[in-house]
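Everything below concerns the one structure shown next.
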Amino acid sequence: VSGLPSGVNYTISAGILTISGTLSQDISSDIVDQEFTVTTTGGGCGSSELSGKFTLKANAEISFQTSNGEQTICFGESIEDINIETSKINTLDQIVIVGLPDGVGLDSSSTPSLIKISGTPTTPVSVTTVYEYTVYTVNTECEEDSITGNITVLPEVDIEPVSGIVNDTDGNGNPDTNLICSGSEIEEIKLRIHGPVDEVLVNSIPQGLSVTPLYFEGTNKFISITGTPEVIFEDT
């Protein structure tokens, strides 16, 4: 027997020839009409020959065309377009994507051979959030394929008054104005810092007050202002 694909073999038992096996040859495209031949030998009365054909089908394949399958963005920003190449895909219905944040999905310019993921996350996050997504093929003729990536969304930067004289009681988004007498210790001003912040700068504080640099309580970040002002001032 000649011409059998790699991984396919034959056996002979009681005059019966059986061809079987699993294709082990890695092919990127279909091979149509690969011919094999069965030839008898010996016996003294001539020989006989029989031919047949295989059609070898390639498996579906999917891979990142760009190197940004894993990326980090701030909330409110759009992701960089993620381009993904496919083979043996005839329609976009054969592509399924799960795990993306709301607002991110299959771009309208996608084709069966080149799909694009784009968009802007729409769900606010209060802590750094990692969305692991998977793109996989379905309903193909042979084995399916899949790839995985992740999109990390960082929360918006925000400053939240926790205690002290910085309060927004009038609801206008501005801190209240407070008069403090020189020589009187202020109530600790404690501010919670939201978002991916490594350093906070505080400007124009009166002499005698000090700032405790960014510190953690559990997973929350804070700064504090404490002390006794040496002049009469109006906090703005």
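Ligands are numbered from 1 in the order shown, chains are lettered A, B, ... in the order of the structure tokens, and residues start at 1 in each chain.
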query: Which neighbours of stretch 81-96 of chain A fall inside 8 Å, counting only C-alpha atoms, when residues of the same chain fewer than 5 positions from it are skipped, and could you give them as a ChimeraX atom specification?
result: /A:29,58-66,68-69,111-119,135-140
If you keep C-alpha atoms, can you produce a file of those selected residues as a PDB file, in the first residue's frame?
ATOM      1  CA  SER A  29      -5.284  23.964   4.013  1.00  0.00           C
ATOM      2  CA  ALA A  58      -7.448  21.217   7.815  1.00  0.00           C
ATOM      3  CA  ASN A  59      -8.480  22.120  11.363  1.00  0.00           C
ATOM      4  CA  ALA A  60      -9.778  25.580  12.163  1.00  0.00           C
ATOM      5  CA  GLU A  61      -7.052  27.903  13.420  1.00  0.00           C
ATOM      6  CA  ILE A  62      -7.186  31.218  15.233  1.00  0.00           C
ATOM      7  CA  SER A  63      -4.310  33.485  16.302  1.00  0.00           C
ATOM      8  CA  PHE A  64      -3.550  37.064  17.302  1.00  0.00           C
ATOM      9  CA  GLN A  65      -2.358  39.190  14.401  1.00  0.00           C
ATOM     10  CA  THR A  66      -1.372  41.978  16.777  1.00  0.00           C
ATOM     11  CA  ASN A  68      -2.006  43.594  22.158  1.00  0.00           C
ATOM     12  CA  GLY A  69      -4.209  40.679  23.112  1.00  0.00           C
ATOM     13  CA  THR A 111     -14.562  39.369   8.261  1.00  0.00           C
ATOM     14  CA  PRO A 112     -14.441  35.556   8.669  1.00  0.00           C
ATOM     15  CA  SER A 113     -10.684  35.565   8.025  1.00  0.00           C
ATOM     16  CA  LEU A 114      -9.809  38.666  10.072  1.00  0.00           C
ATOM     17  CA  ILE A 115     -11.864  39.627  13.102  1.00  0.00           C
ATOM     18  CA  LYS A 116     -11.422  42.764  15.155  1.00  0.00           C
ATOM     19  CA  ILE A 117     -12.295  43.449  18.793  1.00  0.00           C
ATOM     20  CA  SER A 118     -12.882  47.113  19.638  1.00  0.00           C
ATOM     21  CA  GLY A 119     -14.827  49.410  21.928  1.00  0.00           C
ATOM     22  CA  VAL A 135     -12.260  33.696  21.283  1.00  0.00           C
ATOM     23  CA  TYR A 136     -13.124  30.284  19.888  1.00  0.00           C
ATOM     24  CA  THR A 137     -14.425  28.641  16.752  1.00  0.00           C
ATOM     25  CA  VAL A 138     -17.622  26.599  16.497  1.00  0.00           C
ATOM     26  CA  ASN A 139     -19.345  24.433  13.890  1.00  0.00           C
ATOM     27  CA  THR A 140     -16.276  23.813  11.755  1.00  0.00           C
TER      28      THR A 140
END
message: For stretch 17-28 of chain A, find every residue with an atom within 6 Å (counting only C-alpha atoms), except residues of its own chain fewer than 4 positions away, and show them as a PyMOL selection string.
response: chain A and resi 6-12+58
field: DSSP-assigned strand (DSSP E) members of stretch 16-129 of chain A, reported as a ChimeraX atom specification
entry: /A:16-21,31-39,49-56,61-64,70-74,82-87,95-98,104-106,114-119,129
- line: Counting only C-alpha atoms, the residue among A:Thr228, A:Pro161, A:Glu156, A:Ser210 that lies closest to A:Ile186 is A:Thr228
statement: Of A:Pro121, A:Gly149, A:Gly195, A:Pro213, the one sitting nearest A:Val104 when using only C-alpha atoms is A:Pro121
Within 12 Å of A:Thr55 using only C-alpha atoms, minus same-chain residues under 4 positions, as a list of chain:residue names: A:Leu4, A:Pro5, A:Leu23, A:Ile27, A:Ser29, A:Asp30, A:Ile31, A:Val32, A:Asp33, A:Gln34, A:Glu35, A:Phe36
Atoms kept (all heavy atoms) for selection, written as a tab-separated table (two decimals), in the first residue's frame:
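Just written: out_10.tsv:
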chain	number	residue	atom	x	y	z
A	4	LEU	N	-0.45	6.46	1.52
A	4	LEU	CA	-1.30	6.76	2.68
A	4	LEU	C	-0.80	8.01	3.41
A	4	LEU	O	0.40	8.24	3.51
A	4	LEU	CB	-1.30	5.57	3.65
A	4	LEU	CG	-1.98	4.29	3.16
A	4	LEU	CD1	-1.82	3.19	4.21
A	4	LEU	CD2	-3.44	4.52	2.84
A	5	PRO	N	-1.71	8.80	3.92
A	5	PRO	CA	-1.30	9.99	4.69
A	5	PRO	C	-0.58	9.58	5.97
A	5	PRO	O	-0.74	8.46	6.49
A	5	PRO	CB	-2.63	10.68	5.02
A	5	PRO	CG	-3.64	10.08	4.11
A	5	PRO	CD	-3.17	8.70	3.82
A	23	LEU	N	-5.07	10.95	11.10
A	23	LEU	CA	-4.15	11.83	10.38
A	23	LEU	C	-3.28	12.60	11.37
A	23	LEU	O	-3.79	13.29	12.26
A	23	LEU	CB	-4.94	12.81	9.51
A	23	LEU	CG	-4.12	13.83	8.71
A	23	LEU	CD1	-3.29	13.12	7.66
A	23	LEU	CD2	-5.03	14.87	8.07
A	27	ILE	N	-1.65	20.14	8.50
A	27	ILE	CA	-1.87	20.83	7.24
A	27	ILE	C	-2.61	22.14	7.51
A	27	ILE	O	-3.44	22.23	8.40
A	27	ILE	CB	-2.67	19.96	6.25
A	27	ILE	CG1	-4.02	19.54	6.86
A	27	ILE	CG2	-1.86	18.74	5.84
A	27	ILE	CD1	-4.91	18.78	5.90
A	29	SER	N	-4.18	23.86	4.96
A	29	SER	CA	-5.28	23.96	4.01
A	29	SER	C	-5.69	22.57	3.56
A	29	SER	O	-4.92	21.60	3.71
A	29	SER	CB	-4.90	24.83	2.81
A	29	SER	OG	-3.77	24.29	2.14
A	30	ASP	N	-6.88	22.45	3.00
A	30	ASP	CA	-7.38	21.14	2.58
A	30	ASP	C	-6.52	20.56	1.46
A	30	ASP	O	-6.01	21.29	0.59
A	30	ASP	CB	-8.82	21.26	2.08
A	30	ASP	CG	-9.78	21.66	3.18
A	30	ASP	OD1	-9.37	21.65	4.36
A	30	ASP	OD2	-10.94	22.00	2.86
A	31	ILE	N	-6.36	19.25	1.49
A	31	ILE	CA	-5.70	18.52	0.40
A	31	ILE	C	-6.75	17.60	-0.21
A	31	ILE	O	-7.24	16.67	0.43
A	31	ILE	CB	-4.50	17.71	0.92
A	31	ILE	CG1	-3.46	18.63	1.58
A	31	ILE	CG2	-3.87	16.91	-0.21
A	31	ILE	CD1	-2.29	17.90	2.19
A	32	VAL	N	-7.11	17.89	-1.43
A	32	VAL	CA	-8.18	17.16	-2.10
A	32	VAL	C	-7.58	16.06	-2.99
A	32	VAL	O	-6.58	16.28	-3.69
A	32	VAL	CB	-9.03	18.12	-2.95
A	32	VAL	CG1	-10.15	17.36	-3.67
A	32	VAL	CG2	-9.62	19.21	-2.07
A	33	ASP	N	-8.20	14.91	-2.93
A	33	ASP	CA	-7.86	13.79	-3.82
A	33	ASP	C	-6.40	13.34	-3.67
A	33	ASP	O	-5.65	13.19	-4.65
A	33	ASP	CB	-8.13	14.14	-5.28
A	33	ASP	CG	-9.60	14.36	-5.56
A	33	ASP	OD1	-10.42	13.88	-4.76
A	33	ASP	OD2	-9.93	15.01	-6.57
A	34	GLN	N	-5.96	13.12	-2.43
A	34	GLN	CA	-4.66	12.48	-2.23
A	34	GLN	C	-4.83	10.99	-2.51
A	34	GLN	O	-5.56	10.29	-1.81
A	34	GLN	CB	-4.13	12.72	-0.82
A	34	GLN	CG	-2.79	12.00	-0.58
A	34	GLN	CD	-2.13	12.40	0.71
A	34	GLN	OE1	-2.15	13.57	1.09
A	34	GLN	NE2	-1.52	11.42	1.38
A	35	GLU	N	-4.14	10.51	-3.51
A	35	GLU	CA	-4.37	9.15	-4.01
A	35	GLU	C	-3.50	8.13	-3.28
A	35	GLU	O	-2.35	8.40	-2.96
A	35	GLU	CB	-4.08	9.10	-5.52
A	35	GLU	CG	-4.46	7.77	-6.17
A	35	GLU	CD	-4.39	7.82	-7.68
A	35	GLU	OE1	-4.69	8.90	-8.26
A	35	GLU	OE2	-4.05	6.80	-8.29
A	36	PHE	N	-4.08	6.97	-3.01
A	36	PHE	CA	-3.31	5.84	-2.48
A	36	PHE	C	-3.57	4.63	-3.38
A	36	PHE	O	-4.59	4.55	-4.08
A	36	PHE	CB	-3.69	5.53	-1.03
A	36	PHE	CG	-5.08	5.00	-0.84
A	36	PHE	CD1	-5.33	3.62	-0.83
A	36	PHE	CD2	-6.16	5.87	-0.68
A	36	PHE	CE1	-6.61	3.13	-0.65
A	36	PHE	CE2	-7.44	5.39	-0.50
A	36	PHE	CZ	-7.68	4.02	-0.49
field: Neighbour list for A:Pro101 as a ChimeraX atom specification, cut-off 10 Å, only C-alpha atoms, skip fewer than 2 positions in-chain
entry: /A:98-99,103-105,119-123,129-133,150-153
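Relative to atom CA of A:Thr148, atom CA of A:Ser109 is found at 21.1 Å.
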message: Report, in Å with one decimal, the straight-line distance from atom CA of A:Asn203 to atom CA of A:Asn220.
response: 22.5 Å
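Of the residues listed (A:Glu49, A:Glu217, A:Asp158, A:Glu188), A:Asp158 shows the shortest atom-to-atom separation from A:Val200; distances use only C-alpha atoms.
With atom CA of A:Lys190 on one side and atom CA of A:Phe216 on the other, the separation reads 12.2 Å.
Minimum atom-to-atom distances from A:Val197, A:Ser13, A:Asp107, A:Gly227 to A:Val211 were compared using only C-alpha atoms, and the lowest value belongs to A:Gly227.
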